[in-house]
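Containing compact mmCIF, C-alpha atoms: my_file_34.txt.
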```txt
# COMPACT_ATOMS: atom_id res chain seq x y z
CA MET A 1 5.63 -29.53 16.06
CA SER A 2 4.47 -26.92 13.61
CA ALA A 3 2.06 -24.17 14.68
CA PRO A 4 -1.62 -24.71 13.80
CA LYS A 5 -2.64 -23.21 10.46
CA GLU A 6 -4.99 -20.25 10.99
CA LEU A 7 -5.79 -19.75 7.33
CA ALA A 8 -6.14 -22.82 5.19
CA ALA A 9 -7.48 -23.62 1.75
CA ASP A 10 -8.23 -27.19 0.81
CA GLN A 11 -8.42 -28.36 -2.82
CA VAL A 12 -9.92 -25.13 -4.15
CA HIS A 13 -11.20 -25.38 -7.72
CA LEU A 14 -12.63 -22.46 -9.65
CA TRP A 15 -13.78 -22.13 -13.24
CA ARG A 16 -14.39 -18.92 -15.14
CA GLY A 17 -16.65 -19.97 -17.96
CA ASP A 18 -14.79 -22.86 -19.65
CA ARG A 19 -11.45 -21.97 -18.12
CA HIS A 20 -10.27 -23.98 -15.12
CA VAL A 21 -8.44 -21.19 -13.27
CA LEU A 22 -7.71 -22.68 -9.87
CA LYS A 23 -6.90 -26.37 -10.17
CA GLY A 24 -7.06 -27.79 -6.68
CA VAL A 25 -5.06 -25.18 -4.76
CA SER A 26 -4.26 -26.07 -1.15
CA LEU A 27 -2.38 -23.88 1.29
CA GLY A 28 -2.06 -23.15 4.97
CA ILE A 29 -0.30 -20.52 7.04
CA ALA A 30 0.22 -20.11 10.76
CA PRO A 31 0.67 -16.87 12.78
CA GLY A 32 3.96 -15.17 11.99
CA GLN A 33 4.18 -16.79 8.55
CA MET A 34 4.06 -15.34 5.10
CA LEU A 35 3.13 -17.08 1.90
CA GLN A 36 4.34 -15.68 -1.39
CA VAL A 37 2.16 -16.52 -4.37
CA SER A 38 3.77 -16.31 -7.78
CA GLY A 39 3.07 -17.59 -11.26
CA ALA A 40 2.80 -16.49 -14.86
CA ASN A 41 0.34 -13.82 -15.98
CA GLY A 42 -3.14 -15.28 -16.04
CA SER A 43 -2.26 -18.16 -13.72
CA GLY A 44 -4.96 -17.08 -11.27
CA LYS A 45 -2.99 -15.27 -8.55
CA THR A 46 -5.51 -12.46 -8.18
CA THR A 47 -8.39 -14.94 -8.45
CA LEU A 48 -6.85 -16.95 -5.60
CA LEU A 49 -6.65 -13.84 -3.43
CA ARG A 50 -10.25 -12.98 -4.24
CA VAL A 51 -11.31 -16.49 -3.23
CA LEU A 52 -9.28 -16.24 -0.01
CA CYS A 53 -10.85 -12.92 0.95
CA GLY A 54 -14.34 -14.24 0.22
CA LEU A 55 -15.20 -12.11 -2.83
CA MET A 56 -15.42 -15.20 -5.04
CA ARG A 57 -16.92 -18.52 -4.18
CA PRO A 58 -14.98 -21.60 -5.31
CA GLU A 59 -16.93 -24.36 -7.05
CA GLN A 60 -15.08 -26.99 -5.03
CA GLY A 61 -13.03 -26.96 -1.88
CA MET A 62 -13.14 -24.49 0.96
CA VAL A 63 -11.24 -21.81 2.79
CA THR A 64 -11.10 -21.90 6.59
CA TRP A 65 -10.09 -19.24 9.09
CA ARG A 66 -9.27 -20.45 12.59
CA GLY A 67 -10.87 -23.79 11.83
CA ARG A 68 -14.18 -22.45 10.51
CA SER A 69 -15.24 -21.95 6.92
CA ILE A 70 -15.07 -18.26 5.98
CA ARG A 71 -18.65 -18.63 4.67
CA GLU A 72 -19.90 -19.52 8.15
CA ASP A 73 -19.26 -16.13 9.72
CA PRO A 74 -18.03 -13.82 6.95
CA MET A 75 -18.40 -10.67 9.05
CA ALA A 76 -16.04 -11.93 11.77
CA TYR A 77 -13.53 -13.09 9.16
CA GLN A 78 -13.64 -9.77 7.30
CA ALA A 79 -13.07 -7.87 10.54
CA ASP A 80 -9.79 -9.84 10.98
CA MET A 81 -8.63 -9.34 7.39
CA ALA A 82 -7.22 -6.50 5.27
CA TYR A 83 -7.18 -6.86 1.49
CA ALA A 84 -5.29 -4.62 -0.89
CA SER A 85 -6.16 -5.26 -4.53
CA HIS A 86 -4.64 -3.86 -7.75
CA GLU A 87 -7.00 -0.91 -7.46
CA PRO A 88 -5.88 1.63 -4.87
CA ALA A 89 -9.53 1.94 -3.68
CA LEU A 90 -9.20 5.67 -3.10
CA LYS A 91 -11.90 8.22 -3.84
CA ALA A 92 -10.39 10.78 -6.21
CA ASP A 93 -12.43 13.65 -4.72
CA LEU A 94 -11.48 12.99 -1.10
CA THR A 95 -8.17 13.88 0.51
CA VAL A 96 -5.76 11.15 1.60
CA LEU A 97 -6.71 11.64 5.26
CA GLU A 98 -10.45 11.55 4.50
CA ASN A 99 -10.02 8.42 2.39
CA LEU A 100 -8.18 6.65 5.18
CA ARG A 101 -10.48 7.89 7.92
CA PHE A 102 -13.53 6.52 6.10
CA ALA A 103 -11.94 3.23 4.99
CA VAL A 104 -10.45 2.41 8.38
CA GLY A 105 -13.45 3.87 10.26
CA LEU A 106 -15.58 1.02 8.93
CA LYS A 107 -13.51 -1.45 10.95
CA ARG A 108 -12.48 0.51 13.99
CA HIS A 109 -12.38 3.99 15.45
CA ILE A 110 -9.12 5.73 14.59
CA GLU A 111 -7.70 9.09 15.66
CA VAL A 112 -6.24 11.43 13.06
CA ALA A 113 -2.95 11.53 15.01
CA GLU A 114 -2.54 7.77 14.60
CA LEU A 115 -3.28 7.99 10.86
CA ARG A 116 -0.70 10.78 10.55
CA SER A 117 1.98 8.70 12.24
CA ILE A 118 1.29 5.83 9.80
CA LEU A 119 1.47 8.23 6.85
CA ILE A 120 4.80 9.57 8.15
CA ARG A 121 6.11 5.99 8.41
CA LEU A 122 5.16 5.39 4.78
CA GLY A 123 6.64 8.68 3.66
CA VAL A 124 3.44 10.26 2.35
CA ALA A 125 2.71 12.64 5.23
CA GLU A 126 3.07 15.69 2.98
CA CYS A 127 0.18 14.43 0.81
CA GLU A 128 -2.37 14.10 3.60
CA GLU A 129 -4.46 17.08 2.54
CA LEU A 130 -4.16 16.42 -1.20
CA PRO A 131 -7.08 14.91 -3.08
CA ALA A 132 -6.30 11.33 -4.09
CA ARG A 133 -6.51 12.31 -7.78
CA ALA A 134 -3.32 14.34 -7.36
CA LEU A 135 -1.21 11.38 -6.18
CA SER A 136 1.27 9.43 -8.29
CA ALA A 137 0.84 5.67 -8.71
CA GLY A 138 3.58 5.00 -6.14
CA GLN A 139 2.06 7.40 -3.63
CA ARG A 140 -1.32 5.70 -4.08
CA ARG A 141 0.30 2.36 -3.37
CA ARG A 142 1.83 3.77 -0.18
CA VAL A 143 -1.53 5.17 0.95
CA THR A 144 -3.12 1.77 0.25
CA MET A 145 -0.50 0.19 2.52
CA ALA A 146 -1.23 2.84 5.16
CA ARG A 147 -4.86 1.66 5.07
CA VAL A 148 -3.84 -1.97 5.53
CA VAL A 149 -1.57 -1.08 8.48
CA ALA A 150 -4.18 1.17 10.11
CA MET A 151 -6.83 -1.55 10.01
CA ARG A 152 -4.77 -3.61 12.50
CA ALA A 153 -6.03 -6.84 10.97
CA SER A 154 -4.35 -10.20 11.71
CA LEU A 155 -4.40 -11.32 8.09
CA TRP A 156 -3.02 -9.28 5.19
CA LEU A 157 -3.89 -10.26 1.63
CA LEU A 158 -1.76 -8.13 -0.70
CA ASP A 159 -1.95 -8.16 -4.48
CA GLU A 160 1.33 -6.92 -6.01
CA PRO A 161 2.10 -4.53 -3.14
CA PHE A 162 5.56 -3.74 -4.55
CA ALA A 163 4.22 -2.52 -7.91
CA ASN A 164 5.08 1.15 -8.57
CA LEU A 165 7.08 1.44 -5.34
CA ASP A 166 10.59 2.94 -5.44
CA ALA A 167 13.51 1.41 -3.54
CA ARG A 168 12.74 3.35 -0.36
CA GLY A 169 9.05 2.43 -0.56
CA SER A 170 9.86 -1.26 -0.99
CA GLU A 171 12.19 -1.11 2.00
CA VAL A 172 9.48 0.44 4.20
CA LEU A 173 6.98 -2.16 3.02
CA LEU A 174 9.41 -4.96 3.92
CA GLN A 175 9.88 -3.47 7.39
CA LEU A 176 6.10 -3.24 7.85
CA LEU A 177 5.64 -6.84 6.71
CA ASP A 178 8.36 -8.01 9.07
CA GLN A 179 6.83 -6.11 11.97
CA HIS A 180 3.38 -7.50 11.18
CA LEU A 181 4.68 -11.06 11.11
CA SER A 182 6.74 -10.62 14.30
CA GLY A 183 3.54 -9.51 16.04
CA GLY A 184 1.91 -12.84 15.13
CA GLY A 185 0.24 -11.57 11.96
CA LEU A 186 -0.23 -13.58 8.76
CA ALA A 187 0.32 -12.41 5.20
CA ILE A 188 -0.30 -13.73 1.72
CA VAL A 189 1.52 -11.66 -0.87
CA VAL A 190 1.30 -11.91 -4.63
CA ALA A 191 4.65 -10.88 -6.07
CA HIS A 192 6.68 -11.77 -9.16
CA HIS A 193 10.13 -11.19 -7.75
CA GLU A 194 11.73 -12.68 -4.65
CA ILE A 195 10.65 -10.73 -1.57
CA GLY A 196 13.81 -10.01 0.41
CA LEU A 197 12.30 -10.70 3.80
CA ALA A 198 14.68 -11.56 6.67
CA ARG A 199 12.41 -14.35 7.91
CA ALA A 200 11.60 -17.46 5.92
CA ALA A 201 8.53 -17.36 3.73
CA SER A 202 6.77 -20.26 2.05
CA HIS A 203 6.08 -20.20 -1.67
CA LEU A 204 3.20 -21.21 -3.83
CA GLU A 205 3.74 -21.29 -7.57
CA LEU A 206 0.55 -21.36 -9.61
CA ALA A 207 0.71 -23.18 -12.93
CA ALA A 208 -0.66 -21.33 -15.92
CA MET B 1 -12.43 -8.33 16.50
CA THR B 2 -15.95 -7.28 15.55
CA VAL B 3 -17.20 -4.22 13.77
CA ASN B 4 -19.41 -1.59 15.42
CA ILE B 5 -22.22 -1.43 12.87
CA SER B 6 -23.84 1.86 13.90
CA ALA B 7 -20.46 3.62 13.94
CA ALA B 8 -19.68 2.14 10.52
CA ALA B 9 -23.08 3.27 9.18
CA ALA B 10 -22.37 6.82 10.41
CA VAL B 11 -18.99 6.71 8.65
CA ILE B 12 -20.56 5.60 5.35
CA LEU B 13 -23.25 8.31 5.58
CA GLN B 14 -20.64 10.98 6.26
CA ARG B 15 -18.52 9.72 3.34
CA GLU B 16 -21.44 9.67 0.91
CA LEU B 17 -22.64 13.16 1.85
CA LEU B 18 -19.12 14.59 1.62
CA LEU B 19 -18.65 12.96 -1.79
CA GLY B 20 -22.02 14.37 -2.89
CA PHE B 21 -20.97 17.89 -1.98
CA ARG B 22 -17.48 17.51 -3.48
CA ARG B 23 -19.14 16.77 -6.83
CA PRO B 24 -21.80 19.52 -7.04
CA ASP B 25 -22.33 18.79 -10.76
CA GLN B 26 -23.77 15.38 -9.91
CA LEU B 27 -25.92 16.99 -7.25
CA LEU B 28 -27.23 19.83 -9.41
CA GLN B 29 -27.68 17.99 -12.72
CA PRO B 30 -30.97 16.22 -11.82
CA LEU B 31 -32.31 19.35 -10.12
CA VAL B 32 -31.60 21.57 -13.10
CA PHE B 33 -33.06 18.90 -15.40
CA PHE B 34 -36.23 18.81 -13.26
CA LEU B 35 -36.55 22.60 -13.28
CA ILE B 36 -35.92 22.97 -17.02
CA VAL B 37 -38.22 20.15 -18.17
CA THR B 38 -41.12 21.31 -16.01
CA THR B 39 -40.78 24.93 -17.14
CA LEU B 40 -40.68 23.86 -20.81
CA PHE B 41 -44.28 22.69 -20.59
CA PRO B 42 -45.83 26.11 -19.87
CA LEU B 43 -43.79 27.44 -22.80
CA ALA B 44 -44.86 24.71 -25.21
CA LEU B 45 -48.52 24.55 -24.22
CA SER B 46 -50.89 27.49 -24.43
CA ALA B 47 -50.71 29.82 -21.44
CA GLN B 48 -54.17 28.74 -20.29
CA LEU B 49 -53.91 28.25 -16.54
CA SER B 50 -56.69 25.66 -16.37
CA LEU B 51 -54.96 23.45 -18.97
CA LEU B 52 -51.61 23.73 -17.17
CA ARG B 53 -53.23 22.94 -13.85
CA ASP B 54 -54.86 19.81 -15.35
CA MET B 55 -51.55 18.59 -16.69
CA ALA B 56 -49.42 19.67 -13.73
CA PRO B 57 -49.46 16.39 -11.72
CA GLY B 58 -48.42 14.33 -14.73
CA VAL B 59 -45.72 16.77 -15.80
CA LEU B 60 -44.38 17.02 -12.25
CA TRP B 61 -44.23 13.27 -11.69
CA VAL B 62 -42.80 12.24 -15.05
CA SER B 63 -40.09 14.89 -14.68
CA ALA B 64 -39.32 13.76 -11.11
CA LEU B 65 -39.09 10.14 -12.28
CA LEU B 66 -36.68 10.95 -15.10
CA ALA B 67 -34.61 13.30 -12.92
CA SER B 68 -34.23 10.54 -10.31
CA LEU B 69 -33.09 8.06 -12.96
CA LEU B 70 -30.53 10.54 -14.21
CA SER B 71 -28.55 10.46 -11.00
CA ILE B 72 -29.01 6.89 -9.80
CA ASP B 73 -26.73 5.04 -12.23
CA VAL B 74 -23.62 6.40 -10.51
CA LEU B 75 -24.74 5.08 -7.11
CA PHE B 76 -22.49 2.00 -7.17
CA LYS B 77 -20.60 2.51 -10.41
CA GLY B 78 -18.06 4.97 -9.04
CA ASP B 79 -17.28 2.69 -6.12
CA ALA B 80 -17.05 -0.35 -8.38
CA ASP B 81 -14.68 1.41 -10.80
CA ASP B 82 -12.16 2.62 -8.22
CA GLY B 83 -12.21 -0.53 -6.07
CA THR B 84 -13.88 1.02 -3.02
CA LEU B 85 -16.94 -1.23 -3.48
CA GLU B 86 -14.76 -4.29 -2.78
CA GLN B 87 -13.42 -2.61 0.33
CA LEU B 88 -16.95 -1.81 1.50
CA VAL B 89 -18.10 -5.39 0.88
CA LEU B 90 -15.08 -6.75 2.80
CA SER B 91 -15.33 -4.24 5.64
CA GLY B 92 -17.09 -6.62 8.02
CA VAL B 93 -20.23 -4.47 7.87
CA PRO B 94 -23.29 -6.36 6.55
CA LEU B 95 -23.83 -5.48 2.88
CA GLY B 96 -27.52 -4.78 3.60
CA VAL B 97 -26.55 -1.99 6.01
CA ILE B 98 -24.12 -0.53 3.46
CA VAL B 99 -26.72 -0.37 0.68
CA ILE B 100 -29.37 1.09 2.99
CA VAL B 101 -27.05 3.91 4.08
CA LYS B 102 -25.76 4.56 0.55
CA THR B 103 -29.28 4.69 -0.92
CA LEU B 104 -30.60 6.95 1.86
CA ALA B 105 -27.61 9.28 1.42
CA HIS B 106 -28.28 9.36 -2.32
CA TRP B 107 -31.93 10.23 -1.65
CA LEU B 108 -30.91 13.04 0.70
CA VAL B 109 -28.78 14.75 -1.95
CA SER B 110 -31.09 14.03 -4.91
CA GLY B 111 -34.71 13.19 -3.96
CA ALA B 112 -34.97 15.40 -0.89
CA ALA B 113 -33.38 18.28 -2.81
CA LEU B 114 -35.96 17.77 -5.57
CA VAL B 115 -38.78 17.97 -2.99
CA VAL B 116 -37.33 21.24 -1.69
CA VAL B 117 -37.33 22.91 -5.14
CA SER B 118 -40.73 21.47 -6.17
CA PRO B 119 -42.75 24.52 -4.95
CA LEU B 120 -40.93 26.62 -7.55
CA VAL B 121 -42.07 24.26 -10.28
CA ALA B 122 -45.55 24.06 -8.78
CA MET B 123 -45.91 27.83 -9.04
CA ALA B 124 -44.86 27.75 -12.69
CA LEU B 125 -47.49 25.09 -13.37
CA GLY B 126 -50.26 26.96 -11.56
CA ILE B 127 -50.71 24.49 -8.70
CA PRO B 128 -52.59 26.29 -5.86
CA PHE B 129 -50.70 26.93 -2.59
CA GLY B 130 -53.15 24.75 -0.67
CA ALA B 131 -51.93 21.66 -2.56
CA PHE B 132 -48.21 22.24 -1.86
CA GLY B 133 -48.14 20.20 1.36
CA THR B 134 -49.66 17.07 -0.21
CA MET B 135 -47.56 17.49 -3.34
CA MET B 136 -44.32 17.70 -1.36
CA LEU B 137 -45.26 14.76 0.87
CA SER B 138 -46.18 12.60 -2.13
CA LEU B 139 -42.95 13.57 -3.90
CA ALA B 140 -40.91 12.78 -0.77
CA LEU B 141 -42.45 9.29 -0.54
CA GLY B 142 -42.22 8.83 -4.30
CA THR B 143 -38.59 9.88 -4.72
CA LEU B 144 -37.52 7.66 -1.82
CA THR B 145 -39.31 4.69 -3.42
CA LEU B 146 -37.67 5.58 -6.73
CA SER B 147 -34.25 5.64 -5.06
CA TRP B 148 -34.81 2.06 -3.84
CA LEU B 149 -36.05 0.86 -7.23
CA GLY B 150 -33.26 2.72 -9.00
CA ALA B 151 -30.67 1.24 -6.65
CA ILE B 152 -31.79 -2.29 -7.63
CA GLY B 153 -31.28 -1.36 -11.28
CA ALA B 154 -27.96 0.35 -10.52
CA ALA B 155 -26.70 -2.74 -8.67
CA LEU B 156 -27.76 -5.04 -11.52
CA THR B 157 -26.07 -2.90 -14.17
CA VAL B 158 -22.95 -1.89 -12.22
CA GLY B 159 -20.69 -4.23 -14.18
CA LEU B 160 -21.90 -3.08 -17.59
CA ARG B 161 -20.10 -0.47 -19.62
CA ARG B 162 -23.20 1.36 -20.79
CA GLY B 163 -25.76 0.26 -18.28
CA SER B 164 -27.87 3.42 -18.02
CA MET B 165 -30.19 2.45 -20.89
CA LEU B 166 -30.78 -0.98 -19.38
CA LEU B 167 -31.27 0.66 -16.01
CA SER B 168 -34.16 2.74 -17.41
CA LEU B 169 -35.69 -0.38 -18.96
CA ILE B 170 -35.55 -2.17 -15.60
CA VAL B 171 -36.75 0.68 -13.42
CA LEU B 172 -39.39 2.51 -15.46
CA PRO B 173 -41.93 -0.38 -15.61
CA LEU B 174 -41.48 -0.97 -11.86
CA ALA B 175 -42.11 2.71 -11.23
CA SER B 176 -45.46 2.87 -13.04
CA PRO B 177 -47.64 2.22 -9.92
CA LEU B 178 -45.74 5.01 -8.25
CA LEU B 179 -46.47 7.37 -11.10
CA ILE B 180 -50.19 6.52 -11.01
CA PHE B 181 -50.64 7.00 -7.25
CA GLY B 182 -48.28 9.97 -7.04
CA ALA B 183 -49.95 11.90 -9.83
CA SER B 184 -53.35 10.94 -8.43
CA ALA B 185 -52.45 12.26 -4.94
CA THR B 186 -51.24 15.56 -6.41
CA ASP B 187 -54.28 15.82 -8.70
CA ARG B 188 -56.68 15.22 -5.85
CA ALA B 189 -54.92 17.82 -3.73
CA ILE B 190 -55.33 20.36 -6.55
CA THR B 191 -59.02 19.61 -7.07
CA GLY B 192 -59.64 19.52 -3.32
CA SER B 193 -60.97 15.94 -3.16
CA GLY B 194 -59.41 13.70 -0.51
CA SER B 195 -55.90 12.59 -1.34
CA ALA B 196 -55.39 10.42 1.76
CA GLY B 197 -56.03 7.14 -0.07
CA ALA B 198 -53.38 7.76 -2.73
CA LEU B 199 -50.91 8.95 -0.08
CA TYR B 200 -51.44 5.78 1.96
CA LEU B 201 -50.77 3.67 -1.13
CA LEU B 202 -47.61 5.68 -1.82
CA ALA B 203 -46.52 5.17 1.80
CA ALA B 204 -47.22 1.43 1.46
CA LEU B 205 -45.06 1.24 -1.68
CA CYS B 206 -42.33 3.16 0.13
CA VAL B 207 -42.39 0.74 3.10
CA LEU B 208 -42.44 -2.26 0.77
CA THR B 209 -39.40 -1.11 -1.21
CA SER B 210 -37.53 0.12 1.90
CA THR B 211 -37.76 -3.34 3.44
CA LEU B 212 -37.32 -5.62 0.43
CA ALA B 213 -35.11 -3.60 -1.94
CA PRO B 214 -31.96 -3.71 0.28
CA LEU B 215 -32.00 -7.53 0.06
CA ALA B 216 -32.27 -7.40 -3.74
CA ILE B 217 -29.59 -4.71 -4.04
CA ALA B 218 -27.15 -6.63 -1.81
CA ALA B 219 -27.75 -9.85 -3.77
CA ALA B 220 -27.23 -8.06 -7.11
CA LEU B 221 -23.97 -6.49 -5.90
CA ARG B 222 -22.64 -9.84 -4.67
CA ILE B 223 -23.30 -11.39 -8.07
CA THR B 224 -21.57 -8.49 -9.81
CA LEU B 225 -18.44 -8.80 -7.67
CA GLU B 226 -18.04 -12.57 -8.22
```
What's the structure tokens form of this structure?
Amino acid sequence: MSAPKELAADQVHLWRGDRHVLKGVSLGIAPGQMLQVSGANGSGKTTLLRVLCGLMRPEQGMVTWRGRSIREDPMAYQADMAYASHEPALKADLTVLENLRFAVGLKRHIEVAELRSILIRLGVAECEELPARALSAGQRRRVTMARVVAMRASLWLLDEPFANLDARGSEVLLQLLDQHLSGGGLAIVVAHHEIGLARAASHLELAA
Amino acid sequence: MTVNISAAAAVILQRELLLGFRRPDQLLQPLVFFLIVTTLFPLALSAQLSLLRDMAPGVLWVSALLASLLSIDVLFKGDADDGTLEQLVLSGVPLGVIVIVKTLAHWLVSGAALVVVSPLVAMALGIPFGAFGTMMLSLALGTLTLSWLGAIGAALTVGLRRGSMLLSLIVLPLASPLLIFGASATDRAITGSGSAGALYLLAALCVLTSTLAPLAIAAALRITLE
């Protein structure tokens, strides 16, 4: 018997103007599972993630979290979810530590020591006092992942998390994903290339 | 897992104030604008104190209105551009709470600062010391109301490339009652006739916008993010 699906989307349709972007997308993942979303440029991968996190409302179909529509109790759903978009979502004038303290502090109280240990894990500990404007694109991506890890959310929605990461960074990200899934977490990852995860991941290919 | 809303509100307030002080140019620009515009009037008009005193409430309030508009368009734009607005919206904290805290923080670093420097301007315009209290109170109520009105405009124009012109067109007509009662309260304080009525009306406008504007701002931001 397969595990019950915690996050599910059923026949989601979305139009942007005249363009039918999401054409009846259905998916479901259970704890410990990862779904990789791929597809050509413009096939609606980012749009799908935005619908799944609740930023966009589909015209038809619905997204459920633990059996309830995410529209029913959006606050509870958002507290269980961490979303990392294309944008690093860092304030250029704040230091890395300040950025993380404020972003994570909205969801839960976090000690600086814990944030430091996450930054060390991601290999950006030496940047903690630098303003975010001074970081390279790869370092920003690592700090974004530090935010996702620090939020301790059950569901990760990651848009191109491997972009700009070097080999070492990708390796750390894979380890983090594996650890998250082993702990019963769920992840939906948009990525173009095959993610070399040890555990099996399901795939969703969006048609252009 | 649920989110502790008061702790989250404190975090947002701290973040906004820290950002305000990290970018002193944004903080000082409206203040300097206010000081310069109001001191241009005594230079342009004749140095007759009675004429200046007659015009002072109008000069003070129009300058305060324009100075407030100058700083409000960045209220949500910065967050929308770097992606932090999405993170705020998805933080599990009600959007209404987020916009209330952000707008109040903006008022603290812009409107409240303007109230603090207003006695300097009042002296230049020949407003008697006795009227300072009423003038500062009316400006405090007025700038807070303006922050709410401006935040509605800022939320509506956040997705536009050059939204500041549209923002002025949205906010300035809404702000005209404020200008009338604010200038009237200051004028009455200068002439010594009772200014309580105008102050009460200003307070009523402030309460009205403080309660209803957050709903409008949150709705406008949701539409922008879709």
When the cut-off is 8 Å and we count all atoms listed in the file, which residues of chain A are near chain B, given as a ChimeraX atom specification?
/A:53-57,74-80,83,85,87-91,93-94,102-103,105-108
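Remark: for Leu35 in chain B, the closest of the candidate residues B:Ser63, B:Ser168, B:Gln48, B:Thr145 is B:Ser63 (distances computed over only C-alpha atoms).
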Selection: 7 Å around range 148-163 of chain B, all atoms listed in the file, excl. self and same-chain fewer than 2 positions, as a PyMOL selection string:
chain B and resi 69+72-73+75-77+103+144-146+165-167+170-171+209-210+213+216-217+220-221+224
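Atom pair CA of Gly32 in chain A / CA of Gln175 in chain A has a distance of 13.9 Å (rounded to one decimal).
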As a ChimeraX atom specification, please: the residues near His203 in chain A (cut-off 9 Å, all atoms listed in the file, same-chain neighbours under 5 positions excluded).
/A:34-38
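The interatomic distance for the pair CA of Leu173 in chain A and CA of Ala92 in chain A works out to 23.5 Å.
For the pair CA of Leu52 in chain A and CA of Ala201 in chain A, the separation is 18.2 Å.
The closest residue to Arg188 in chain B, picked from B:Ala47, B:Ala131, B:Met55, B:Val121 and counting only C-alpha atoms, is B:Ala131.
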Selection: 10 Å around Ser117 in chain A, all atoms listed in the file, excl. self and same-chain fewer than 5 positions, as a PDB file with C-alpha atoms, keeping the file's coordinate frame:
```pdb
ATOM      1  CA  VAL A 112      -6.240  11.430  13.060  1.00  0.00           C
ATOM      2  CA  LEU A 122       5.160   5.390   4.780  1.00  0.00           C
ATOM      3  CA  GLY A 123       6.640   8.680   3.660  1.00  0.00           C
ATOM      4  CA  ALA A 125       2.710  12.640   5.230  1.00  0.00           C
ATOM      5  CA  ALA A 146      -1.230   2.840   5.160  1.00  0.00           C
ATOM      6  CA  ALA A 150      -4.180   1.170  10.110  1.00  0.00           C
TER       7      ALA A 150
END
```
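Comparing B:Leu31, B:Leu65, B:Ala44, B:Val115 by their smallest distance to Ala175 in chain B, the closest is B:Leu65 (using all atoms listed in the file).
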How about completing range 103-118 of chain B with N, CA and C atoms and giving it to me as a PDB file, in the coordinates of the input?
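The file below, selection_5.pdb, is the result:
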```pdb
ATOM      1  N   THR B 103     -28.070   4.269  -0.203  1.00  0.00           N
ATOM      2  CA  THR B 103     -29.280   4.690  -0.920  1.00  0.00           C
ATOM      3  C   THR B 103     -29.948   5.874  -0.220  1.00  0.00           C
ATOM      4  N   LEU B 104     -29.988   5.828   1.132  1.00  0.00           N
ATOM      5  CA  LEU B 104     -30.600   6.950   1.860  1.00  0.00           C
ATOM      6  C   LEU B 104     -29.788   8.234   1.640  1.00  0.00           C
ATOM      7  N   ALA B 105     -28.458   8.100   1.648  1.00  0.00           N
ATOM      8  CA  ALA B 105     -27.610   9.280   1.420  1.00  0.00           C
ATOM      9  C   ALA B 105     -27.861   9.837   0.021  1.00  0.00           C
ATOM     10  N   HIS B 106     -28.003   8.920  -0.948  1.00  0.00           N
ATOM     11  CA  HIS B 106     -28.280   9.360  -2.320  1.00  0.00           C
ATOM     12  C   HIS B 106     -29.620  10.090  -2.381  1.00  0.00           C
ATOM     13  N   TRP B 107     -30.615   9.576  -1.646  1.00  0.00           N
ATOM     14  CA  TRP B 107     -31.930  10.230  -1.650  1.00  0.00           C
ATOM     15  C   TRP B 107     -31.822  11.627  -1.035  1.00  0.00           C
ATOM     16  N   LEU B 108     -31.040  11.738   0.040  1.00  0.00           N
ATOM     17  CA  LEU B 108     -30.910  13.040   0.700  1.00  0.00           C
ATOM     18  C   LEU B 108     -30.351  14.101  -0.241  1.00  0.00           C
ATOM     19  N   VAL B 109     -29.373  13.735  -1.072  1.00  0.00           N
ATOM     20  CA  VAL B 109     -28.780  14.750  -1.950  1.00  0.00           C
ATOM     21  C   VAL B 109     -29.485  14.854  -3.305  1.00  0.00           C
ATOM     22  N   SER B 110     -30.384  13.909  -3.629  1.00  0.00           N
ATOM     23  CA  SER B 110     -31.090  14.030  -4.910  1.00  0.00           C
ATOM     24  C   SER B 110     -32.606  14.189  -4.682  1.00  0.00           C
ATOM     25  N   GLY B 111     -33.259  13.162  -4.134  1.00  0.00           N
ATOM     26  CA  GLY B 111     -34.710  13.190  -3.960  1.00  0.00           C
ATOM     27  C   GLY B 111     -35.179  14.288  -3.032  1.00  0.00           C
ATOM     28  N   ALA B 112     -34.540  14.388  -1.866  1.00  0.00           N
ATOM     29  CA  ALA B 112     -34.970  15.400  -0.890  1.00  0.00           C
ATOM     30  C   ALA B 112     -34.756  16.801  -1.453  1.00  0.00           C
ATOM     31  N   ALA B 113     -33.648  16.975  -2.199  1.00  0.00           N
ATOM     32  CA  ALA B 113     -33.380  18.280  -2.810  1.00  0.00           C
ATOM     33  C   ALA B 113     -34.456  18.618  -3.842  1.00  0.00           C
ATOM     34  N   LEU B 114     -34.908  17.575  -4.566  1.00  0.00           N
ATOM     35  CA  LEU B 114     -35.960  17.770  -5.570  1.00  0.00           C
ATOM     36  C   LEU B 114     -37.275  18.206  -4.902  1.00  0.00           C
ATOM     37  N   VAL B 115     -37.562  17.592  -3.739  1.00  0.00           N
ATOM     38  CA  VAL B 115     -38.780  17.970  -2.990  1.00  0.00           C
ATOM     39  C   VAL B 115     -38.685  19.434  -2.577  1.00  0.00           C
ATOM     40  N   VAL B 116     -37.510  19.868  -2.158  1.00  0.00           N
ATOM     41  CA  VAL B 116     -37.330  21.240  -1.690  1.00  0.00           C
ATOM     42  C   VAL B 116     -37.577  22.258  -2.815  1.00  0.00           C
ATOM     43  N   VAL B 117     -37.137  21.939  -4.042  1.00  0.00           N
ATOM     44  CA  VAL B 117     -37.330  22.910  -5.140  1.00  0.00           C
ATOM     45  C   VAL B 117     -38.693  22.762  -5.826  1.00  0.00           C
ATOM     46  N   SER B 118     -39.467  21.715  -5.452  1.00  0.00           N
ATOM     47  CA  SER B 118     -40.730  21.470  -6.170  1.00  0.00           C
ATOM     48  C   SER B 118     -41.743  22.625  -6.072  1.00  0.00           C
TER      49      SER B 118
END
```
